[in-house]
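The next block is model_37.cif, given as mmCIF, C-alpha atoms and all ligand atoms; chains and numbers go by the auth columns.
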```cif
data_coords
#
loop_
_atom_site.group_PDB
_atom_site.id
_atom_site.type_symbol
_atom_site.label_atom_id
_atom_site.label_comp_id
_atom_site.label_asym_id
_atom_site.label_seq_id
_atom_site.Cartn_x
_atom_site.Cartn_y
_atom_site.Cartn_z
_atom_site.B_iso_or_equiv
_atom_site.auth_seq_id
_atom_site.auth_asym_id
ATOM 1 C CA MET A 1 27.417 -7.140 61.942 0.00 1 A
ATOM 2 C CA GLN A 2 23.728 -8.023 62.211 0.00 2 A
ATOM 3 C CA LEU A 3 23.915 -8.409 58.496 0.00 3 A
ATOM 4 C CA THR A 4 20.562 -8.872 56.806 0.00 4 A
ATOM 5 C CA LYS A 5 19.856 -9.149 53.099 0.00 5 A
ATOM 6 C CA ILE A 6 16.357 -9.330 51.707 0.00 6 A
ATOM 7 C CA PHE A 7 15.611 -9.793 48.019 0.00 7 A
ATOM 8 C CA GLY A 8 12.293 -8.757 46.513 0.00 8 A
ATOM 9 C CA GLU A 9 9.082 -7.634 48.118 0.00 9 A
ATOM 10 C CA GLY A 10 5.692 -9.040 49.016 0.00 10 A
ATOM 11 C CA GLU A 11 5.176 -12.575 47.792 0.00 11 A
ATOM 12 C CA THR A 12 8.601 -12.815 46.207 0.00 12 A
ATOM 13 C CA ARG A 13 10.393 -11.570 49.341 0.00 13 A
ATOM 14 C CA VAL A 14 13.363 -13.779 50.340 0.00 14 A
ATOM 15 C CA THR A 15 15.472 -13.255 53.455 0.00 15 A
ATOM 16 C CA ALA A 16 18.787 -14.481 52.054 0.00 16 A
ATOM 17 C CA LEU A 17 20.809 -13.428 55.132 0.00 17 A
ATOM 18 C CA ASP A 18 19.183 -13.183 58.549 0.00 18 A
ATOM 19 C CA SER A 19 21.085 -11.069 61.139 0.00 19 A
ATOM 20 C CA ILE A 20 24.492 -12.617 60.571 0.00 20 A
ATOM 21 C CA ASP A 21 27.308 -11.722 62.977 0.00 21 A
ATOM 22 C CA VAL A 22 30.725 -12.907 61.935 0.00 22 A
ATOM 23 C CA ARG A 23 34.374 -11.794 61.974 0.00 23 A
ATOM 24 C CA PHE A 24 37.316 -13.172 60.088 0.00 24 A
ATOM 25 C CA THR A 25 40.848 -13.175 61.501 0.00 25 A
ATOM 26 C CA ARG A 26 43.602 -11.950 59.187 0.00 26 A
ATOM 27 C CA GLY A 27 45.816 -14.631 57.740 0.00 27 A
ATOM 28 C CA THR A 28 43.244 -17.386 58.124 0.00 28 A
ATOM 29 C CA PHE A 29 41.344 -19.566 55.666 0.00 29 A
ATOM 30 C CA THR A 30 37.574 -19.904 56.159 0.00 30 A
ATOM 31 C CA ALA A 31 35.182 -22.169 54.281 0.00 31 A
ATOM 32 C CA ILE A 32 31.522 -21.156 53.995 0.00 32 A
ATOM 33 C CA MET A 33 29.280 -24.167 53.547 0.00 33 A
ATOM 34 C CA GLY A 34 25.609 -25.027 53.464 0.00 34 A
ATOM 35 C CA PRO A 35 22.948 -26.388 51.154 0.00 35 A
ATOM 36 C CA SER A 36 22.055 -24.719 47.881 0.00 36 A
ATOM 37 C CA GLY A 37 20.063 -21.543 48.550 0.00 37 A
ATOM 38 C CA SER A 38 21.331 -21.159 52.139 0.00 38 A
ATOM 39 C CA GLY A 39 22.892 -17.768 51.365 0.00 39 A
ATOM 40 C CA LYS A 40 26.569 -18.618 50.758 0.00 40 A
ATOM 41 C CA SER A 41 27.041 -16.547 47.611 0.00 41 A
ATOM 42 C CA THR A 42 24.951 -13.700 48.986 0.00 42 A
ATOM 43 C CA LEU A 43 27.085 -13.593 52.132 0.00 43 A
ATOM 44 C CA MET A 44 30.239 -13.523 50.053 0.00 44 A
ATOM 45 C CA HIS A 45 28.896 -10.759 47.812 0.00 45 A
ATOM 46 C CA CYS A 46 27.807 -8.651 50.786 0.00 46 A
ATOM 47 C CA LEU A 47 31.129 -9.105 52.614 0.00 47 A
ATOM 48 C CA ALA A 48 33.022 -8.167 49.454 0.00 48 A
ATOM 49 C CA GLY A 49 30.928 -5.064 48.821 0.00 49 A
ATOM 50 C CA LEU A 50 29.603 -6.488 45.542 0.00 50 A
ATOM 51 C CA ASP A 51 26.041 -6.360 46.793 0.00 51 A
ATOM 52 C CA ARG A 52 24.252 -3.825 49.006 0.00 52 A
ATOM 53 C CA ILE A 53 22.873 -5.072 52.308 0.00 53 A
ATOM 54 C CA THR A 54 19.372 -4.425 53.633 0.00 54 A
ATOM 55 C CA SER A 55 20.456 -3.700 57.215 0.00 55 A
ATOM 56 C CA GLY A 56 23.451 -4.124 59.496 0.00 56 A
ATOM 57 C CA ARG A 57 27.071 -3.159 58.911 0.00 57 A
ATOM 58 C CA VAL A 58 29.978 -4.643 56.976 0.00 58 A
ATOM 59 C CA PHE A 59 33.625 -3.752 57.587 0.00 59 A
ATOM 60 C CA LEU A 60 36.428 -4.467 55.161 0.00 60 A
ATOM 61 C CA ALA A 61 40.076 -3.542 55.613 0.00 61 A
ATOM 62 C CA GLY A 62 39.121 -1.353 58.591 0.00 62 A
ATOM 63 C CA ARG A 63 36.504 0.619 56.640 0.00 63 A
ATOM 64 C CA GLU A 64 32.745 0.417 56.849 0.00 64 A
ATOM 65 C CA VAL A 65 31.628 -0.592 53.369 0.00 65 A
ATOM 66 C CA SER A 66 27.896 -0.725 53.997 0.00 66 A
ATOM 67 C CA ASN A 67 27.423 3.026 53.608 0.00 67 A
ATOM 68 C CA LEU A 68 30.191 3.925 51.139 0.00 68 A
ATOM 69 C CA PRO A 69 29.180 5.639 47.894 0.00 69 A
ATOM 70 C CA ASP A 70 29.580 3.429 44.807 0.00 70 A
ATOM 71 C CA ALA A 71 32.742 5.095 43.506 0.00 71 A
ATOM 72 C CA GLN A 72 34.584 4.728 46.810 0.00 72 A
ATOM 73 C CA LEU A 73 33.340 1.185 47.166 0.00 73 A
ATOM 74 C CA THR A 74 34.726 0.313 43.737 0.00 74 A
ATOM 75 C CA THR A 75 38.145 1.684 44.697 0.00 75 A
ATOM 76 C CA LEU A 76 38.122 -0.041 48.086 0.00 76 A
ATOM 77 C CA ARG A 77 37.274 -3.330 46.380 0.00 77 A
ATOM 78 C CA ARG A 78 39.870 -2.881 43.673 0.00 78 A
ATOM 79 C CA ASP A 79 42.614 -2.206 46.230 0.00 79 A
ATOM 80 C CA ASN A 80 41.639 -4.671 48.935 0.00 80 A
ATOM 81 C CA VAL A 81 39.769 -7.632 47.504 0.00 81 A
ATOM 82 C CA GLY A 82 40.680 -10.489 45.177 0.00 82 A
ATOM 83 C CA PHE A 83 38.119 -12.806 43.606 0.00 83 A
ATOM 84 C CA ILE A 84 38.260 -16.370 42.321 0.00 84 A
ATOM 85 C CA PHE A 85 35.099 -17.665 40.640 0.00 85 A
ATOM 86 C CA GLN A 86 33.950 -21.153 39.746 0.00 86 A
ATOM 87 C CA SER A 87 33.940 -20.185 36.067 0.00 87 A
ATOM 88 C CA PHE A 88 37.418 -18.518 36.163 0.00 88 A
ATOM 89 C CA ASN A 89 36.106 -15.264 34.593 0.00 89 A
ATOM 90 C CA LEU A 90 39.276 -14.571 32.605 0.00 90 A
ATOM 91 C CA LEU A 91 39.033 -12.135 29.719 0.00 91 A
ATOM 92 C CA PRO A 92 39.283 -14.223 26.501 0.00 92 A
ATOM 93 C CA MET A 93 41.058 -11.588 24.403 0.00 93 A
ATOM 94 C CA LEU A 94 43.889 -11.118 26.912 0.00 94 A
ATOM 95 C CA THR A 95 46.826 -13.477 27.464 0.00 95 A
ATOM 96 C CA ALA A 96 47.324 -15.185 30.819 0.00 96 A
ATOM 97 C CA GLU A 97 49.928 -12.583 31.755 0.00 97 A
ATOM 98 C CA GLU A 98 47.663 -9.693 30.761 0.00 98 A
ATOM 99 C CA ASN A 99 44.807 -11.213 32.737 0.00 99 A
ATOM 100 C CA ILE A 100 46.966 -11.513 35.849 0.00 100 A
ATOM 101 C CA LEU A 101 48.214 -7.930 35.578 0.00 101 A
ATOM 102 C CA LEU A 102 44.817 -6.419 34.731 0.00 102 A
ATOM 103 C CA PRO A 103 43.824 -5.451 38.301 0.00 103 A
ATOM 104 C CA LEU A 104 47.157 -3.680 38.758 0.00 104 A
ATOM 105 C CA ASP A 105 46.872 -1.956 35.373 0.00 105 A
ATOM 106 C CA LEU A 106 43.420 -0.707 36.331 0.00 106 A
ATOM 107 C CA ALA A 107 44.848 0.710 39.545 0.00 107 A
ATOM 108 C CA GLY A 108 47.884 2.178 37.761 0.00 108 A
ATOM 109 C CA ARG A 109 50.208 0.020 39.855 0.00 109 A
ATOM 110 C CA LYS A 110 53.274 -2.030 38.954 0.00 110 A
ATOM 111 C CA PRO A 111 53.634 -5.661 40.065 0.00 111 A
ATOM 112 C CA ASP A 112 55.859 -6.535 42.997 0.00 112 A
ATOM 113 C CA LYS A 113 58.582 -8.562 41.225 0.00 113 A
ATOM 114 C CA GLU A 114 59.136 -10.937 44.111 0.00 114 A
ATOM 115 C CA LEU A 115 55.429 -11.685 44.501 0.00 115 A
ATOM 116 C CA TRP A 116 55.072 -12.112 40.721 0.00 116 A
ATOM 117 C CA ASN A 117 57.892 -14.683 40.701 0.00 117 A
ATOM 118 C CA GLN A 118 56.443 -16.476 43.726 0.00 118 A
ATOM 119 C CA LEU A 119 53.011 -16.712 42.138 0.00 119 A
ATOM 120 C CA ILE A 120 54.170 -17.797 38.699 0.00 120 A
ATOM 121 C CA THR A 121 56.589 -20.381 40.085 0.00 121 A
ATOM 122 C CA GLY A 122 54.289 -21.601 42.839 0.00 122 A
ATOM 123 C CA LEU A 123 51.377 -21.993 40.433 0.00 123 A
ATOM 124 C CA GLY A 124 53.565 -23.496 37.694 0.00 124 A
ATOM 125 C CA ILE A 125 52.219 -21.221 34.950 0.00 125 A
ATOM 126 C CA GLY A 126 55.499 -19.717 33.738 0.00 126 A
ATOM 127 C CA ASP A 127 55.274 -21.430 30.336 0.00 127 A
ATOM 128 C CA ARG A 128 51.632 -20.441 29.832 0.00 128 A
ATOM 129 C CA LEU A 129 51.864 -16.670 30.209 0.00 129 A
ATOM 130 C CA LYS A 130 51.584 -15.854 26.480 0.00 130 A
ATOM 131 C CA HIS A 131 48.604 -18.172 25.983 0.00 131 A
ATOM 132 C CA HIS A 132 44.989 -17.079 25.831 0.00 132 A
ATOM 133 C CA PRO A 133 42.453 -18.672 28.194 0.00 133 A
ATOM 134 C CA SER A 134 40.994 -20.819 25.372 0.00 134 A
ATOM 135 C CA GLU A 135 44.422 -22.464 25.009 0.00 135 A
ATOM 136 C CA LEU A 136 44.560 -23.441 28.681 0.00 136 A
ATOM 137 C CA SER A 137 43.022 -26.336 30.606 0.00 137 A
ATOM 138 C CA GLY A 138 40.476 -25.580 33.342 0.00 138 A
ATOM 139 C CA GLY A 139 43.083 -26.179 36.013 0.00 139 A
ATOM 140 C CA GLN A 140 45.520 -23.805 34.313 0.00 140 A
ATOM 141 C CA GLN A 141 42.837 -21.147 33.872 0.00 141 A
ATOM 142 C CA GLN A 142 41.981 -21.328 37.552 0.00 142 A
ATOM 143 C CA ARG A 143 45.661 -20.996 38.486 0.00 143 A
ATOM 144 C CA VAL A 144 45.847 -17.860 36.326 0.00 144 A
ATOM 145 C CA ALA A 145 42.704 -16.565 38.071 0.00 145 A
ATOM 146 C CA CYS A 146 44.348 -17.334 41.405 0.00 146 A
ATOM 147 C CA ALA A 147 47.453 -15.313 40.468 0.00 147 A
ATOM 148 C CA ARG A 148 45.184 -12.458 39.324 0.00 148 A
ATOM 149 C CA ALA A 149 43.427 -12.511 42.715 0.00 149 A
ATOM 150 C CA MET A 150 46.683 -12.474 44.696 0.00 150 A
ATOM 151 C CA ILE A 151 48.859 -10.073 42.672 0.00 151 A
ATOM 152 C CA THR A 152 47.362 -6.923 44.247 0.00 152 A
ATOM 153 C CA LYS A 153 48.192 -8.246 47.770 0.00 153 A
ATOM 154 C CA PRO A 154 44.544 -7.882 48.715 0.00 154 A
ATOM 155 C CA HIS A 155 43.332 -7.737 52.295 0.00 155 A
ATOM 156 C CA VAL A 156 41.124 -10.714 51.543 0.00 156 A
ATOM 157 C CA VAL A 157 40.550 -13.153 48.689 0.00 157 A
ATOM 158 C CA PHE A 158 37.001 -14.399 48.148 0.00 158 A
ATOM 159 C CA ALA A 159 36.580 -17.646 46.256 0.00 159 A
ATOM 160 C CA ASP A 160 33.132 -18.915 45.209 0.00 160 A
ATOM 161 C CA GLU A 161 33.274 -22.665 44.511 0.00 161 A
ATOM 162 C CA PRO A 162 36.807 -22.308 43.075 0.00 162 A
ATOM 163 C CA THR A 163 37.145 -26.049 42.512 0.00 163 A
ATOM 164 C CA GLY A 164 33.572 -26.575 41.294 0.00 164 A
ATOM 165 C CA ALA A 165 34.587 -26.860 37.632 0.00 165 A
ATOM 166 C CA LEU A 166 37.884 -28.726 38.171 0.00 166 A
ATOM 167 C CA ASP A 167 38.757 -32.419 38.214 0.00 167 A
ATOM 168 C CA SER A 168 39.785 -33.668 41.658 0.00 168 A
ATOM 169 C CA LYS A 169 43.530 -33.501 40.982 0.00 169 A
ATOM 170 C CA SER A 170 43.442 -29.901 39.719 0.00 170 A
ATOM 171 C CA GLY A 171 41.101 -29.054 42.581 0.00 171 A
ATOM 172 C CA ALA A 172 43.447 -30.494 45.213 0.00 172 A
ATOM 173 C CA ASN A 173 46.330 -28.668 43.558 0.00 173 A
ATOM 174 C CA LEU A 174 44.518 -25.317 43.767 0.00 174 A
ATOM 175 C CA LEU A 175 43.402 -25.864 47.369 0.00 175 A
ATOM 176 C CA GLY A 176 46.960 -26.754 48.359 0.00 176 A
ATOM 177 C CA TYR A 177 48.099 -23.514 46.785 0.00 177 A
ATOM 178 C CA LEU A 178 45.447 -21.482 48.619 0.00 178 A
ATOM 179 C CA ARG A 179 46.588 -23.117 51.858 0.00 179 A
ATOM 180 C CA HIS A 180 50.181 -22.143 51.062 0.00 180 A
ATOM 181 C CA CYS A 181 49.133 -18.511 50.455 0.00 181 A
ATOM 182 C CA VAL A 182 47.583 -18.414 53.925 0.00 182 A
ATOM 183 C CA ASP A 183 50.498 -20.131 55.687 0.00 183 A
ATOM 184 C CA ASP A 184 53.419 -18.511 53.886 0.00 184 A
ATOM 185 C CA LEU A 185 52.084 -15.166 52.611 0.00 185 A
ATOM 186 C CA GLY A 186 49.608 -14.414 55.413 0.00 186 A
ATOM 187 C CA GLN A 187 46.772 -14.147 52.910 0.00 187 A
ATOM 188 C CA THR A 188 43.208 -14.093 54.271 0.00 188 A
ATOM 189 C CA ILE A 189 40.884 -16.331 52.257 0.00 189 A
ATOM 190 C CA ILE A 190 37.126 -16.845 52.450 0.00 190 A
ATOM 191 C CA MET A 191 35.917 -19.684 50.236 0.00 191 A
ATOM 192 C CA VAL A 192 32.405 -20.843 49.453 0.00 192 A
ATOM 193 C CA THR A 193 32.252 -24.563 48.810 0.00 193 A
ATOM 194 C CA HIS A 194 29.874 -27.472 49.166 0.00 194 A
ATOM 195 C CA ASP A 195 32.696 -30.003 49.134 0.00 195 A
ATOM 196 C CA ALA A 196 33.695 -31.311 52.592 0.00 196 A
ATOM 197 C CA LYS A 197 37.123 -32.290 51.269 0.00 197 A
ATOM 198 C CA ALA A 198 37.712 -28.716 50.064 0.00 198 A
ATOM 199 C CA ALA A 199 36.590 -27.339 53.438 0.00 199 A
ATOM 200 C CA SER A 200 39.151 -29.524 55.196 0.00 200 A
ATOM 201 C CA TYR A 201 41.923 -27.286 53.776 0.00 201 A
ATOM 202 C CA ALA A 202 40.487 -24.357 55.753 0.00 202 A
ATOM 203 C CA ASP A 203 41.101 -23.288 59.373 0.00 203 A
ATOM 204 C CA ARG A 204 37.418 -22.841 59.998 0.00 204 A
ATOM 205 C CA ALA A 205 34.145 -23.902 58.404 0.00 205 A
ATOM 206 C CA LEU A 206 30.936 -21.895 58.804 0.00 206 A
ATOM 207 C CA MET A 207 27.670 -23.713 58.139 0.00 207 A
ATOM 208 C CA LEU A 208 24.829 -21.674 56.716 0.00 208 A
ATOM 209 C CA LEU A 209 21.190 -22.682 56.723 0.00 209 A
ATOM 210 C CA ASP A 210 18.338 -20.389 55.669 0.00 210 A
ATOM 211 C CA GLY A 211 20.552 -17.316 55.895 0.00 211 A
ATOM 212 C CA ARG A 212 21.861 -18.022 59.401 0.00 212 A
ATOM 213 C CA ILE A 213 25.142 -19.402 60.707 0.00 213 A
ATOM 214 C CA VAL A 214 24.201 -22.623 62.445 0.00 214 A
ATOM 215 C CA ASP A 215 27.667 -24.088 63.032 0.00 215 A
ATOM 216 C CA ASP A 216 31.239 -22.780 63.273 0.00 216 A
ATOM 217 C CA ILE A 217 33.849 -25.544 63.125 0.00 217 A
ATOM 218 C CA ASP A 218 37.502 -25.071 64.077 0.00 218 A
ATOM 219 C CA SER A 219 40.118 -27.031 62.093 0.00 219 A
ATOM 220 C CA PRO A 220 37.487 -28.825 60.017 0.00 220 A
ATOM 221 C CA THR A 221 38.117 -32.302 58.662 0.00 221 A
ATOM 222 C CA ALA A 222 36.121 -33.905 55.859 0.00 222 A
ATOM 223 C CA GLU A 223 34.517 -36.115 58.548 0.00 223 A
ATOM 224 C CA SER A 224 33.548 -33.297 60.941 0.00 224 A
ATOM 225 C CA VAL A 225 32.152 -31.275 58.046 0.00 225 A
ATOM 226 C CA ASN A 226 30.158 -34.200 56.702 0.00 226 A
ATOM 227 C CA GLU A 227 28.720 -34.805 60.184 0.00 227 A
ATOM 228 C CA ALA A 228 27.754 -31.125 60.469 0.00 228 A
ATOM 229 C CA MET A 229 26.081 -31.276 57.046 0.00 229 A
ATOM 230 C CA ALA A 230 24.176 -34.399 58.071 0.00 230 A
ATOM 231 C CA ARG A 231 22.941 -32.541 61.183 0.00 231 A
ATOM 232 C CA LEU A 232 21.638 -29.760 58.925 0.00 232 A
ATOM 233 C CA GLU A 233 19.393 -32.233 57.190 0.00 233 A
ATOM 234 C CA ASP A 234 17.723 -33.371 60.449 0.00 234 A
HETATM 235 P P1 LIG B . 23.771 -20.294 47.847 0.00 301 B
HETATM 236 O O1 LIG B . 24.934 -19.574 47.271 0.00 301 B
HETATM 237 O O2 LIG B . 23.991 -20.810 49.236 0.00 301 B
HETATM 238 O O3 LIG B . 23.253 -21.374 46.954 0.00 301 B
HETATM 239 P P2 LIG B . 22.405 -17.771 47.430 0.00 301 B
HETATM 240 O O4 LIG B . 23.155 -16.829 48.279 0.00 301 B
HETATM 241 O O5 LIG B . 22.697 -17.769 45.968 0.00 301 B
HETATM 242 O O6 LIG B . 22.563 -19.253 48.005 0.00 301 B
HETATM 243 O O7 LIG B . 20.851 -17.525 47.608 0.00 301 B
HETATM 244 C C1 LIG B . 20.218 -17.378 48.881 0.00 301 B
HETATM 245 C C2 LIG B . 18.739 -17.104 48.687 0.00 301 B
HETATM 246 O O8 LIG B . 18.565 -15.808 48.095 0.00 301 B
HETATM 247 C C3 LIG B . 18.048 -18.090 47.763 0.00 301 B
HETATM 248 O O9 LIG B . 16.741 -18.278 48.230 0.00 301 B
HETATM 249 C C4 LIG B . 18.044 -17.363 46.431 0.00 301 B
HETATM 250 O O10 LIG B . 16.965 -17.785 45.632 0.00 301 B
HETATM 251 C C5 LIG B . 17.892 -15.921 46.848 0.00 301 B
HETATM 252 N N1 LIG B . 18.550 -14.993 45.904 0.00 301 B
HETATM 253 C C6 LIG B . 19.872 -14.928 45.616 0.00 301 B
HETATM 254 N N2 LIG B . 20.139 -13.951 44.722 0.00 301 B
HETATM 255 C C7 LIG B . 18.936 -13.375 44.429 0.00 301 B
HETATM 256 C C8 LIG B . 18.534 -12.309 43.568 0.00 301 B
HETATM 257 N N3 LIG B . 19.438 -11.590 42.862 0.00 301 B
HETATM 258 N N4 LIG B . 17.227 -12.003 43.524 0.00 301 B
HETATM 259 C C9 LIG B . 16.307 -12.680 44.261 0.00 301 B
HETATM 260 N N5 LIG B . 16.621 -13.703 45.094 0.00 301 B
HETATM 261 C C10 LIG B . 17.910 -14.050 45.189 0.00 301 B
HETATM 262 MG MG MG B . 26.014 -19.924 45.447 0.00 302 B
#
```

For the file at hand, write its structure as structure tokens.
Amino acid sequence: MQLTKIFGEGETRVTALDSIDVRFTRGTFTAIMGPSGSGKSTLMHCLAGLDRITSGRVFLAGREVSNLPDAQLTTLRRDNVGFIFQSFNLLPMLTAEENILLPLDLAGRKPDKELWNQLITGLGIGDRLKHHPSELSGGQQQRVACARAMITKPHVVFADEPTGALDSKSGANLLGYLRHCVDDLGQTIIMVTHDAKAASYADRALMLLDGRIVDDIDSPTAESVNEAMARLED
């Protein structure tokens, strides 16, 4: 709430987020959009407790994260947040299976068998589990990253340009899967994207400009999002 993030001081001072007020409903899929430099990644990092805010308050899974000590914040994140990055961020020396299970291993938890089966089957990666990331296509790597994000049953999954490095077919495949996770598993997803087509998979699209939310679109379509982006340029 009233979330502000300022980088630097004096001449290099940048207000990346300017008094943002936003809530996300559980079990919904939100796209965060806006031109390059509008604050999308910063907003995601602040909401996820990856980055400290300058002023305001951030709540995650019913806890205020903005004033938690680092150690507690790390645990809260580990137990409640999943991440999907544009560049997959898999560990090269681990197999696909080891990558997926890593967040649980770190937390000393065992996978939920049913969820494991759902993820592996739904993502179609059953025959790739013993492979290392370098032996997988981009689309396959991102599906492994998706399973890694979901396996802890996080409160919320944050995805920063998850389809940015994928061809359009792999991208559509991943977005369809994210949609399924929201509809059938009740997963909450917040995705940064600059692709109107990707945003059309979401329930809501927020438009950022200069660190402020300037539009909030319900049931976005590629057309309505493109129109909103054109308005930003005026
Ligand atoms: P987007 O993801 O929408 O492209 P960002 O959130 O990355 O935008 O950046 C928002 C603004 O904050 C930009 O002006 C950017 O230069 C600035 N910014 C982002 N990260 C840092 C940082 N670590 N240090 C200084 N300025 C930053
Ligand atoms: Mg960014």

Open item on the list: With distances taken over all atoms listed in the file, which residue among A:Arg109, A:Arg143, A:Arg13, A:His180 lies nearest Ser87 of chain A?
Closed with: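 Once distances to Ser87 of chain A are computed over all atoms listed in the file, the minimum belongs to A:Arg143.
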
Asp21 of chain A surroundings by only C-alpha atoms, 7 Å radius, close-in-sequence under 5 positions cut, as a compact mmCIF listing (two decimals) with C-alpha atoms, in the frame of the given file:
```
# COMPACT_ATOMS: atom_id res chain seq x y z
CA MET A 1 27.42 -7.14 61.94
CA GLN A 2 23.73 -8.02 62.21
CA LEU A 3 23.92 -8.41 58.50
```

Task: Residues matched by the PyMOL selection byres (((chain A and resi 89-93) around 12) and not hetatm) as a PyMOL selection string - done: chain A and resi 83-88+94-103+130-136+138+140-149+159-160+162

TODO: Pick out the residues sitting within 12 Å of segment 65-74 of chain A, and hand them over as an MDAnalysis selection string; count all atoms listed in the file, and ignore anything fewer than 2 positions along from it in its own chain.
DONE: chainID A and resid 1:5 45:63 76:81 106:107

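Nearest-residue note for Phe29 of chain A: choosing from A:Ala172, A:Met229, A:Ala16, A:Leu178, the minimum distance belongs to A:Leu178, counting all atoms listed in the file.
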
Chain A residues near ligand LIG 301 (chain B) within 10 Å, closest pair each, using all atoms listed in the file, as CSV:
```
residue,atom,partner,partner_atom,distance
A:Lys5,CA,B:LIG301,O8,8.4
A:Ile6,CA,B:LIG301,O8,7.7
A:Phe7,CA,B:LIG301,C9,4.8
A:Gly8,CA,B:LIG301,C9,6.0
A:Glu9,CA,B:LIG301,C9,9.6
A:Thr12,CA,B:LIG301,C9,7.9
A:Arg13,CA,B:LIG301,N5,7.8
A:Val14,CA,B:LIG301,O9,6.0
A:Thr15,CA,B:LIG301,O8,6.7
A:Ala16,CA,B:LIG301,O8,4.2
A:Leu17,CA,B:LIG301,C1,7.4
A:Ile32,CA,B:LIG301,O2,8.9
A:Met33,CA,B:LIG301,O2,7.6
A:Gly34,CA,B:LIG301,O2,6.2
A:Pro35,CA,B:LIG301,O2,6.0
A:Ser36,CA,B:LIG301,O3,3.7
A:Gly37,CA,B:LIG301,O6,3.4
A:Ser38,CA,B:LIG301,O2,4.0
A:Gly39,CA,B:LIG301,O4,3.2
A:Lys40,CA,B:LIG301,O2,3.7
A:Ser41,CA,B:LIG301,O1,3.7
A:Thr42,CA,B:LIG301,O4,3.7
A:Leu43,CA,B:LIG301,O4,6.4
A:Met44,CA,B:LIG301,O4,8.0
A:His45,CA,B:LIG301,O4,8.4
A:Cys46,CA,B:LIG301,O4,9.7
A:Asp51,CA,B:LIG301,N3,9.3
A:Asp160,CA,B:LIG301,O1,8.5
A:Glu161,CA,B:LIG301,O1,9.3
A:Val192,CA,B:LIG301,O1,7.9
A:Thr193,CA,B:LIG301,O1,9.0
A:His194,CA,B:LIG301,O2,8.9
A:Leu208,CA,B:LIG301,O2,7.6
A:Leu209,CA,B:LIG301,O2,8.2
A:Asp210,CA,B:LIG301,C1,7.7
A:Gly211,CA,B:LIG301,C1,7.0
```

- [ ] Taking the file above as input, evaluate the PyMOL selection byres (((chain A and resi 231) around 12) and not hetatm) and report the hits as an MDAnalysis selection string.
- [x] chainID A and resid 34:35 207:209 214:215 224:230 232:234

- [ ] In Å, rounded to a single decimal, give me how far atom CA of Ile151 of chain A is from atom CA of Thr121 of chain A.
- [x]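 Interatomic distance, atom CA of Thr121 of chain A to atom CA of Ile151 of chain A: 13.1 Å.
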
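Look at Gly176 of chain A: the protein and nucleic acid residues within 10 Å of it, using only C-alpha atoms and passing over chain neighbours fewer than 6 places away, are Ser170, Ala198 and Tyr201 of chain A.
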